[in-house]
Each structure stands twice: as structure tokens, then as C-alpha cells.
>>> print(open('protein.txt').read())   # compact mmCIF, N, CA and C atoms
# COMPACT_ATOMS: atom_id res chain seq x y z
N MET E 1 120.87 69.28 57.80
CA MET E 1 120.86 70.72 57.59
C MET E 1 120.50 71.41 58.91
N ARG E 2 121.20 72.46 59.20
CA ARG E 2 120.99 73.24 60.43
C ARG E 2 119.77 74.15 60.25
N ALA E 3 118.98 74.31 61.32
CA ALA E 3 117.84 75.22 61.28
C ALA E 3 118.36 76.66 61.23
N ARG E 4 117.56 77.54 60.65
CA ARG E 4 117.94 78.96 60.58
C ARG E 4 118.04 79.55 61.98
N ILE E 5 118.99 80.44 62.14
CA ILE E 5 119.17 81.13 63.41
C ILE E 5 118.43 82.46 63.29
N LYS E 6 117.41 82.66 64.15
CA LYS E 6 116.57 83.86 64.04
C LYS E 6 116.39 84.54 65.39
N GLY E 7 115.88 85.75 65.32
CA GLY E 7 115.46 86.47 66.51
C GLY E 7 116.57 86.73 67.51
N ASP E 8 116.23 86.53 68.79
CA ASP E 8 117.18 86.79 69.87
C ASP E 8 118.41 85.89 69.79
N ALA E 9 118.21 84.65 69.35
CA ALA E 9 119.36 83.74 69.24
C ALA E 9 120.37 84.28 68.24
N ARG E 10 119.89 84.84 67.13
CA ARG E 10 120.78 85.39 66.10
C ARG E 10 121.48 86.64 66.63
N GLU E 11 120.73 87.49 67.32
CA GLU E 11 121.31 88.71 67.89
C GLU E 11 122.40 88.36 68.90
N ASN E 12 122.14 87.40 69.78
CA ASN E 12 123.13 86.99 70.77
C ASN E 12 124.38 86.41 70.12
N LEU E 13 124.18 85.58 69.09
CA LEU E 13 125.30 84.98 68.39
C LEU E 13 126.14 86.05 67.69
N ARG E 14 125.47 87.02 67.07
CA ARG E 14 126.19 88.11 66.41
C ARG E 14 127.08 88.85 67.39
N GLU E 15 126.54 89.17 68.55
CA GLU E 15 127.31 89.92 69.54
C GLU E 15 128.48 89.10 70.10
N GLU E 16 128.25 87.80 70.34
CA GLU E 16 129.34 86.93 70.81
C GLU E 16 130.46 86.86 69.79
N LEU E 17 130.09 86.65 68.53
CA LEU E 17 131.09 86.57 67.47
C LEU E 17 131.86 87.87 67.34
N LYS E 18 131.13 89.00 67.36
CA LYS E 18 131.78 90.30 67.23
C LYS E 18 132.77 90.52 68.36
N HIS E 19 132.38 90.19 69.57
CA HIS E 19 133.27 90.37 70.72
C HIS E 19 134.53 89.53 70.58
N GLU E 20 134.37 88.26 70.23
CA GLU E 20 135.54 87.39 70.08
C GLU E 20 136.42 87.81 68.92
N TYR E 21 135.80 88.32 67.86
CA TYR E 21 136.56 88.76 66.68
C TYR E 21 137.36 90.02 66.99
N GLU E 22 136.71 90.99 67.63
CA GLU E 22 137.37 92.27 67.86
C GLU E 22 138.25 92.27 69.10
N VAL E 23 137.75 91.75 70.20
CA VAL E 23 138.51 91.78 71.45
C VAL E 23 139.49 90.60 71.54
N GLY E 24 139.02 89.43 71.14
CA GLY E 24 139.86 88.24 71.21
C GLY E 24 140.79 88.09 70.03
N ARG E 25 140.58 88.93 68.98
CA ARG E 25 141.41 88.91 67.77
C ARG E 25 141.45 87.54 67.10
N ARG E 26 140.36 86.78 67.22
CA ARG E 26 140.30 85.47 66.56
C ARG E 26 139.93 85.64 65.09
N PRO E 27 140.54 84.87 64.21
CA PRO E 27 140.20 84.95 62.78
C PRO E 27 138.81 84.36 62.50
N VAL E 28 138.24 84.77 61.38
CA VAL E 28 136.90 84.32 61.00
C VAL E 28 136.85 82.80 60.93
N ARG E 29 137.85 82.17 60.32
CA ARG E 29 137.83 80.71 60.19
C ARG E 29 137.83 80.01 61.55
N ALA E 30 138.57 80.54 62.50
CA ALA E 30 138.60 79.94 63.84
C ALA E 30 137.25 80.09 64.52
N LEU E 31 136.60 81.24 64.35
CA LEU E 31 135.28 81.44 64.92
C LEU E 31 134.28 80.47 64.29
N ALA E 32 134.33 80.36 62.96
CA ALA E 32 133.41 79.46 62.25
C ALA E 32 133.56 78.03 62.76
N GLN E 33 134.79 77.59 62.89
CA GLN E 33 135.04 76.23 63.36
C GLN E 33 134.57 76.06 64.80
N GLY E 34 134.86 77.02 65.65
CA GLY E 34 134.49 76.94 67.06
C GLY E 34 132.99 76.92 67.29
N TYR E 35 132.26 77.64 66.47
CA TYR E 35 130.80 77.71 66.60
C TYR E 35 130.09 76.73 65.67
N GLN E 36 130.85 75.96 64.92
CA GLN E 36 130.32 75.00 63.95
C GLN E 36 129.39 75.68 62.94
N LEU E 37 129.90 76.78 62.39
CA LEU E 37 129.17 77.54 61.37
C LEU E 37 130.01 77.55 60.10
N SER E 38 129.37 77.85 58.99
CA SER E 38 130.15 78.01 57.76
C SER E 38 130.91 79.33 57.81
N TYR E 39 131.96 79.41 57.03
CA TYR E 39 132.75 80.63 56.94
C TYR E 39 131.85 81.79 56.48
N GLY E 40 131.02 81.52 55.47
CA GLY E 40 130.15 82.56 54.91
C GLY E 40 129.15 83.09 55.92
N LEU E 41 128.52 82.20 56.68
CA LEU E 41 127.55 82.63 57.69
C LEU E 41 128.25 83.42 58.79
N THR E 42 129.42 82.96 59.21
CA THR E 42 130.16 83.66 60.25
C THR E 42 130.51 85.07 59.79
N LEU E 43 130.97 85.21 58.57
CA LEU E 43 131.31 86.51 58.02
C LEU E 43 130.06 87.39 57.92
N ALA E 44 128.95 86.83 57.48
CA ALA E 44 127.70 87.59 57.38
C ALA E 44 127.23 88.08 58.75
N LEU E 45 127.33 87.24 59.76
CA LEU E 45 126.91 87.62 61.11
C LEU E 45 127.81 88.73 61.66
N LEU E 46 129.11 88.64 61.40
CA LEU E 46 130.02 89.69 61.83
C LEU E 46 129.68 91.02 61.16
N ARG E 47 129.37 90.97 59.88
CA ARG E 47 129.01 92.20 59.16
C ARG E 47 127.70 92.76 59.69
N GLU E 48 126.72 91.89 59.95
CA GLU E 48 125.44 92.33 60.52
C GLU E 48 125.66 93.01 61.87
N ALA E 49 126.62 92.52 62.63
CA ALA E 49 126.91 93.06 63.96
C ALA E 49 127.69 94.36 63.89
N GLY E 50 128.16 94.73 62.69
CA GLY E 50 128.90 95.98 62.53
C GLY E 50 130.39 95.85 62.82
N ALA E 51 130.90 94.62 62.81
CA ALA E 51 132.33 94.42 63.06
C ALA E 51 133.13 94.95 61.88
N GLU E 52 134.26 95.54 62.17
CA GLU E 52 135.17 96.00 61.12
C GLU E 52 136.02 94.81 60.70
N ILE E 53 135.78 94.31 59.50
CA ILE E 53 136.44 93.09 59.03
C ILE E 53 137.88 93.41 58.65
N ARG E 54 138.79 92.64 59.24
CA ARG E 54 140.22 92.81 58.93
C ARG E 54 140.53 92.17 57.58
N SER E 55 141.59 92.65 56.94
CA SER E 55 142.01 92.05 55.69
C SER E 55 142.61 90.68 55.98
N ARG E 56 142.64 89.84 54.98
CA ARG E 56 143.19 88.49 55.17
C ARG E 56 144.67 88.54 55.44
N GLY E 57 145.14 87.66 56.30
CA GLY E 57 146.56 87.55 56.57
C GLY E 57 147.08 88.44 57.67
N GLY E 58 146.21 89.21 58.30
CA GLY E 58 146.64 90.03 59.42
C GLY E 58 147.35 91.30 58.97
N ASP E 59 147.90 92.00 59.91
CA ASP E 59 148.59 93.27 59.66
C ASP E 59 150.05 92.98 59.34
N ARG E 60 150.39 93.07 58.09
CA ARG E 60 151.76 92.76 57.66
C ARG E 60 152.74 93.87 58.05
N ARG E 61 152.27 95.09 58.20
CA ARG E 61 153.17 96.19 58.56
C ARG E 61 153.78 95.97 59.94
N SER E 62 153.01 95.44 60.88
CA SER E 62 153.54 95.27 62.24
C SER E 62 154.72 94.30 62.24
N LYS E 63 154.72 93.32 61.36
CA LYS E 63 155.83 92.37 61.28
C LYS E 63 157.08 93.07 60.75
N ALA E 64 156.89 93.95 59.76
CA ALA E 64 158.03 94.67 59.19
C ALA E 64 158.62 95.64 60.20
N VAL E 65 157.76 96.30 60.95
CA VAL E 65 158.24 97.25 61.96
C VAL E 65 158.99 96.49 63.06
N ALA E 66 158.46 95.35 63.46
CA ALA E 66 159.11 94.55 64.50
C ALA E 66 160.46 94.04 64.01
N GLY E 67 160.60 93.86 62.70
CA GLY E 67 161.85 93.37 62.14
C GLY E 67 162.90 94.45 61.94
N GLY E 68 162.59 95.68 62.33
CA GLY E 68 163.56 96.76 62.24
C GLY E 68 163.49 97.59 60.98
N ARG E 69 162.45 97.38 60.19
CA ARG E 69 162.31 98.16 58.94
C ARG E 69 161.61 99.46 59.16
>>> encode(input="protein.txt", output="C-alpha cells")
Amino acid sequence: MRARIKGDARENLREELKHEYEVGRRPVRALAQGYQLSYGLTLALLREAGAEIRSRGGDRRSKAVAGGR
């Protein structure tokens, strides 16, 4: 079992995850795997950091627009 992430370590991790999620456009599952965290903890940390969580499956409208619709 992993020890709890607290204090400055938690704050730093939240900010790293938020940056990679928003700027790097990485999905939650990829972040969880890369940081060896559970999906639930990764999502919770992103929410704590104030990240705007994208809907699952990405932006489907951009694919339709690119297809000429």
C-alpha cells in the first residue's frame, strides 16, 4: 500500500498533474499510469487543483468539423 501524499508533496503533484492535463492534453488514465496512481486519485487531485475536467472521449465536434460537416 502506498503512503498518503500530504502537504507540499501533494500540492506539487496536483500542480504537475494539472499542467500536464491542461497544457499537455494528456488523458486522466495516461496521467494515472505515468505517475503510478489510481484513476480515482488522479481525478481527485486534478479536481483539487481546479482543473476543468474534459468529458470522456474528447471533443467529438472537432472531428465532425474536420470531416466537412
>>> atom_distance(input="protein.txt", atom1="atom N of Ala51 (chain E)", atom2="CA of Arg10 (chain E)")
14.1 Å
>>> closest_residue(input="protein.txt", among="E:Arg2, E:Ala9, E:Glu15, E:Tyr35", to="Ala49 (chain E)", atoms="all atoms listed in the file")
E:Glu15
>>> atom_distance(input="protein.txt", atom1="atom C of Leu17 (chain E)", atom2="CA of Thr42 (chain E)")
8.4 Å
>>> atom_distance(input="protein.txt", atom1="CA of Glu16 (chain E)", atom2="CA of Leu31 (chain E)")
10.0 Å
>>> closest_residue(input="protein.txt", among="E:Gly57, E:Pro27, E:Arg14, E:Glu22", to="Ala44 (chain E)", atoms="only C-alpha atoms")
E:Arg14
>>> select_by_dssp(input="protein.txt", residues="chain E", states="helix (DSSP H, G or I)", output="MDAnalysis selection string")
chainID E and resid 7:22 28:35 39:48 60:66
>>> residues_around(input="protein.txt", residues="Ile53 (chain E)", least_positions_apart="2", cutoff="10 Å", atoms="only C-alpha atoms", output="PyMOL selection string")
chain E and resi 18+21-22+27-28+43+46-47+50-51+55-56
>>> closest_residue(input="protein.txt", among="E:Asp8, E:Arg25, E:Ala32, E:Gly40", to="Arg54 (chain E)", atoms="only C-alpha atoms")
E:Arg25
>>> build_atoms(input="protein.txt", residues="region 26-37 of chain E", atoms="all heavy atoms", output="PDB file, in the frame of the given file")
ATOM      1  N   ARG E  26     140.360  86.780  67.220  1.00  0.00           N
ATOM      2  CA  ARG E  26     140.300  85.470  66.560  1.00  0.00           C
ATOM      3  C   ARG E  26     139.930  85.640  65.090  1.00  0.00           C
ATOM      4  O   ARG E  26     139.079  86.446  64.753  1.00  0.00           O
ATOM      5  CB  ARG E  26     139.274  84.579  67.254  1.00  0.00           C
ATOM      6  CG  ARG E  26     139.694  84.232  68.673  1.00  0.00           C
ATOM      7  CD  ARG E  26     138.753  83.280  69.342  1.00  0.00           C
ATOM      8  NE  ARG E  26     138.742  82.008  68.636  1.00  0.00           N
ATOM      9  CZ  ARG E  26     137.744  81.135  68.743  1.00  0.00           C
ATOM     10  NH1 ARG E  26     136.721  81.384  69.508  1.00  0.00           N
ATOM     11  NH2 ARG E  26     137.791  80.009  68.076  1.00  0.00           N
ATOM     12  N   PRO E  27     140.540  84.870  64.210  1.00  0.00           N
ATOM     13  CA  PRO E  27     140.200  84.950  62.780  1.00  0.00           C
ATOM     14  C   PRO E  27     138.810  84.360  62.500  1.00  0.00           C
ATOM     15  O   PRO E  27     138.293  83.548  63.264  1.00  0.00           O
ATOM     16  CB  PRO E  27     141.288  84.128  62.101  1.00  0.00           C
ATOM     17  CG  PRO E  27     141.976  83.364  63.160  1.00  0.00           C
ATOM     18  CD  PRO E  27     141.654  83.979  64.476  1.00  0.00           C
ATOM     19  N   VAL E  28     138.240  84.770  61.380  1.00  0.00           N
ATOM     20  CA  VAL E  28     136.900  84.320  61.000  1.00  0.00           C
ATOM     21  C   VAL E  28     136.850  82.800  60.930  1.00  0.00           C
ATOM     22  O   VAL E  28     135.914  82.173  61.426  1.00  0.00           O
ATOM     23  CB  VAL E  28     136.468  84.950  59.652  1.00  0.00           C
ATOM     24  CG1 VAL E  28     135.109  84.417  59.232  1.00  0.00           C
ATOM     25  CG2 VAL E  28     136.434  86.467  59.760  1.00  0.00           C
ATOM     26  N   ARG E  29     137.850  82.170  60.320  1.00  0.00           N
ATOM     27  CA  ARG E  29     137.830  80.710  60.190  1.00  0.00           C
ATOM     28  C   ARG E  29     137.830  80.010  61.550  1.00  0.00           C
ATOM     29  O   ARG E  29     137.160  79.003  61.733  1.00  0.00           O
ATOM     30  CB  ARG E  29     139.004  80.227  59.356  1.00  0.00           C
ATOM     31  CG  ARG E  29     138.840  80.585  57.903  1.00  0.00           C
ATOM     32  CD  ARG E  29     139.689  79.737  56.990  1.00  0.00           C
ATOM     33  NE  ARG E  29     139.638  80.254  55.645  1.00  0.00           N
ATOM     34  CZ  ARG E  29     138.653  80.039  54.787  1.00  0.00           C
ATOM     35  NH1 ARG E  29     137.623  79.328  55.147  1.00  0.00           N
ATOM     36  NH2 ARG E  29     138.684  80.543  53.569  1.00  0.00           N
ATOM     37  N   ALA E  30     138.570  80.540  62.500  1.00  0.00           N
ATOM     38  CA  ALA E  30     138.600  79.940  63.840  1.00  0.00           C
ATOM     39  C   ALA E  30     137.250  80.090  64.520  1.00  0.00           C
ATOM     40  O   ALA E  30     136.779  79.156  65.195  1.00  0.00           O
ATOM     41  CB  ALA E  30     139.695  80.587  64.681  1.00  0.00           C
ATOM     42  N   LEU E  31     136.600  81.240  64.350  1.00  0.00           N
ATOM     43  CA  LEU E  31     135.280  81.440  64.920  1.00  0.00           C
ATOM     44  C   LEU E  31     134.280  80.470  64.290  1.00  0.00           C
ATOM     45  O   LEU E  31     133.473  79.855  64.988  1.00  0.00           O
ATOM     46  CB  LEU E  31     134.806  82.872  64.711  1.00  0.00           C
ATOM     47  CG  LEU E  31     135.521  83.936  65.526  1.00  0.00           C
ATOM     48  CD1 LEU E  31     135.110  85.320  65.062  1.00  0.00           C
ATOM     49  CD2 LEU E  31     135.241  83.762  67.003  1.00  0.00           C
ATOM     50  N   ALA E  32     134.330  80.360  62.960  1.00  0.00           N
ATOM     51  CA  ALA E  32     133.410  79.460  62.250  1.00  0.00           C
ATOM     52  C   ALA E  32     133.560  78.030  62.760  1.00  0.00           C
ATOM     53  O   ALA E  32     132.566  77.350  63.039  1.00  0.00           O
ATOM     54  CB  ALA E  32     133.666  79.531  60.750  1.00  0.00           C
ATOM     55  N   GLN E  33     134.790  77.590  62.890  1.00  0.00           N
ATOM     56  CA  GLN E  33     135.040  76.230  63.360  1.00  0.00           C
ATOM     57  C   GLN E  33     134.570  76.060  64.800  1.00  0.00           C
ATOM     58  O   GLN E  33     133.929  75.069  65.133  1.00  0.00           O
ATOM     59  CB  GLN E  33     136.518  75.907  63.244  1.00  0.00           C
ATOM     60  CG  GLN E  33     136.840  74.473  63.590  1.00  0.00           C
ATOM     61  CD  GLN E  33     138.317  74.157  63.391  1.00  0.00           C
ATOM     62  OE1 GLN E  33     139.164  75.048  63.386  1.00  0.00           O
ATOM     63  NE2 GLN E  33     138.620  72.893  63.218  1.00  0.00           N
ATOM     64  N   GLY E  34     134.860  77.020  65.650  1.00  0.00           N
ATOM     65  CA  GLY E  34     134.490  76.940  67.060  1.00  0.00           C
ATOM     66  C   GLY E  34     132.990  76.920  67.290  1.00  0.00           C
ATOM     67  O   GLY E  34     132.500  76.262  68.211  1.00  0.00           O
ATOM     68  N   TYR E  35     132.260  77.640  66.470  1.00  0.00           N
ATOM     69  CA  TYR E  35     130.800  77.710  66.600  1.00  0.00           C
ATOM     70  C   TYR E  35     130.090  76.730  65.670  1.00  0.00           C
ATOM     71  O   TYR E  35     128.871  76.723  65.599  1.00  0.00           O
ATOM     72  CB  TYR E  35     130.309  79.134  66.335  1.00  0.00           C
ATOM     73  CG  TYR E  35     130.511  80.054  67.513  1.00  0.00           C
ATOM     74  CD1 TYR E  35     131.712  80.736  67.689  1.00  0.00           C
ATOM     75  CD2 TYR E  35     129.506  80.259  68.449  1.00  0.00           C
ATOM     76  CE1 TYR E  35     131.911  81.586  68.761  1.00  0.00           C
ATOM     77  CE2 TYR E  35     129.690  81.112  69.520  1.00  0.00           C
ATOM     78  CZ  TYR E  35     130.891  81.767  69.676  1.00  0.00           C
ATOM     79  OH  TYR E  35     131.084  82.614  70.755  1.00  0.00           O
ATOM     80  N   GLN E  36     130.850  75.960  64.920  1.00  0.00           N
ATOM     81  CA  GLN E  36     130.320  75.000  63.950  1.00  0.00           C
ATOM     82  C   GLN E  36     129.390  75.680  62.940  1.00  0.00           C
ATOM     83  O   GLN E  36     128.274  75.241  62.677  1.00  0.00           O
ATOM     84  CB  GLN E  36     129.623  73.833  64.645  1.00  0.00           C
ATOM     85  CG  GLN E  36     130.569  73.023  65.493  1.00  0.00           C
ATOM     86  CD  GLN E  36     129.917  71.844  66.157  1.00  0.00           C
ATOM     87  OE1 GLN E  36     128.713  71.844  66.415  1.00  0.00           O
ATOM     88  NE2 GLN E  36     130.698  70.824  66.435  1.00  0.00           N
ATOM     89  N   LEU E  37     129.900  76.780  62.390  1.00  0.00           N
ATOM     90  CA  LEU E  37     129.170  77.540  61.370  1.00  0.00           C
ATOM     91  C   LEU E  37     130.010  77.550  60.100  1.00  0.00           C
ATOM     92  O   LEU E  37     131.219  77.335  60.150  1.00  0.00           O
ATOM     93  CB  LEU E  37     128.963  78.991  61.825  1.00  0.00           C
ATOM     94  CG  LEU E  37     128.209  79.217  63.127  1.00  0.00           C
ATOM     95  CD1 LEU E  37     128.308  80.681  63.544  1.00  0.00           C
ATOM     96  CD2 LEU E  37     126.762  78.806  62.975  1.00  0.00           C
TER      97      LEU E  37
END
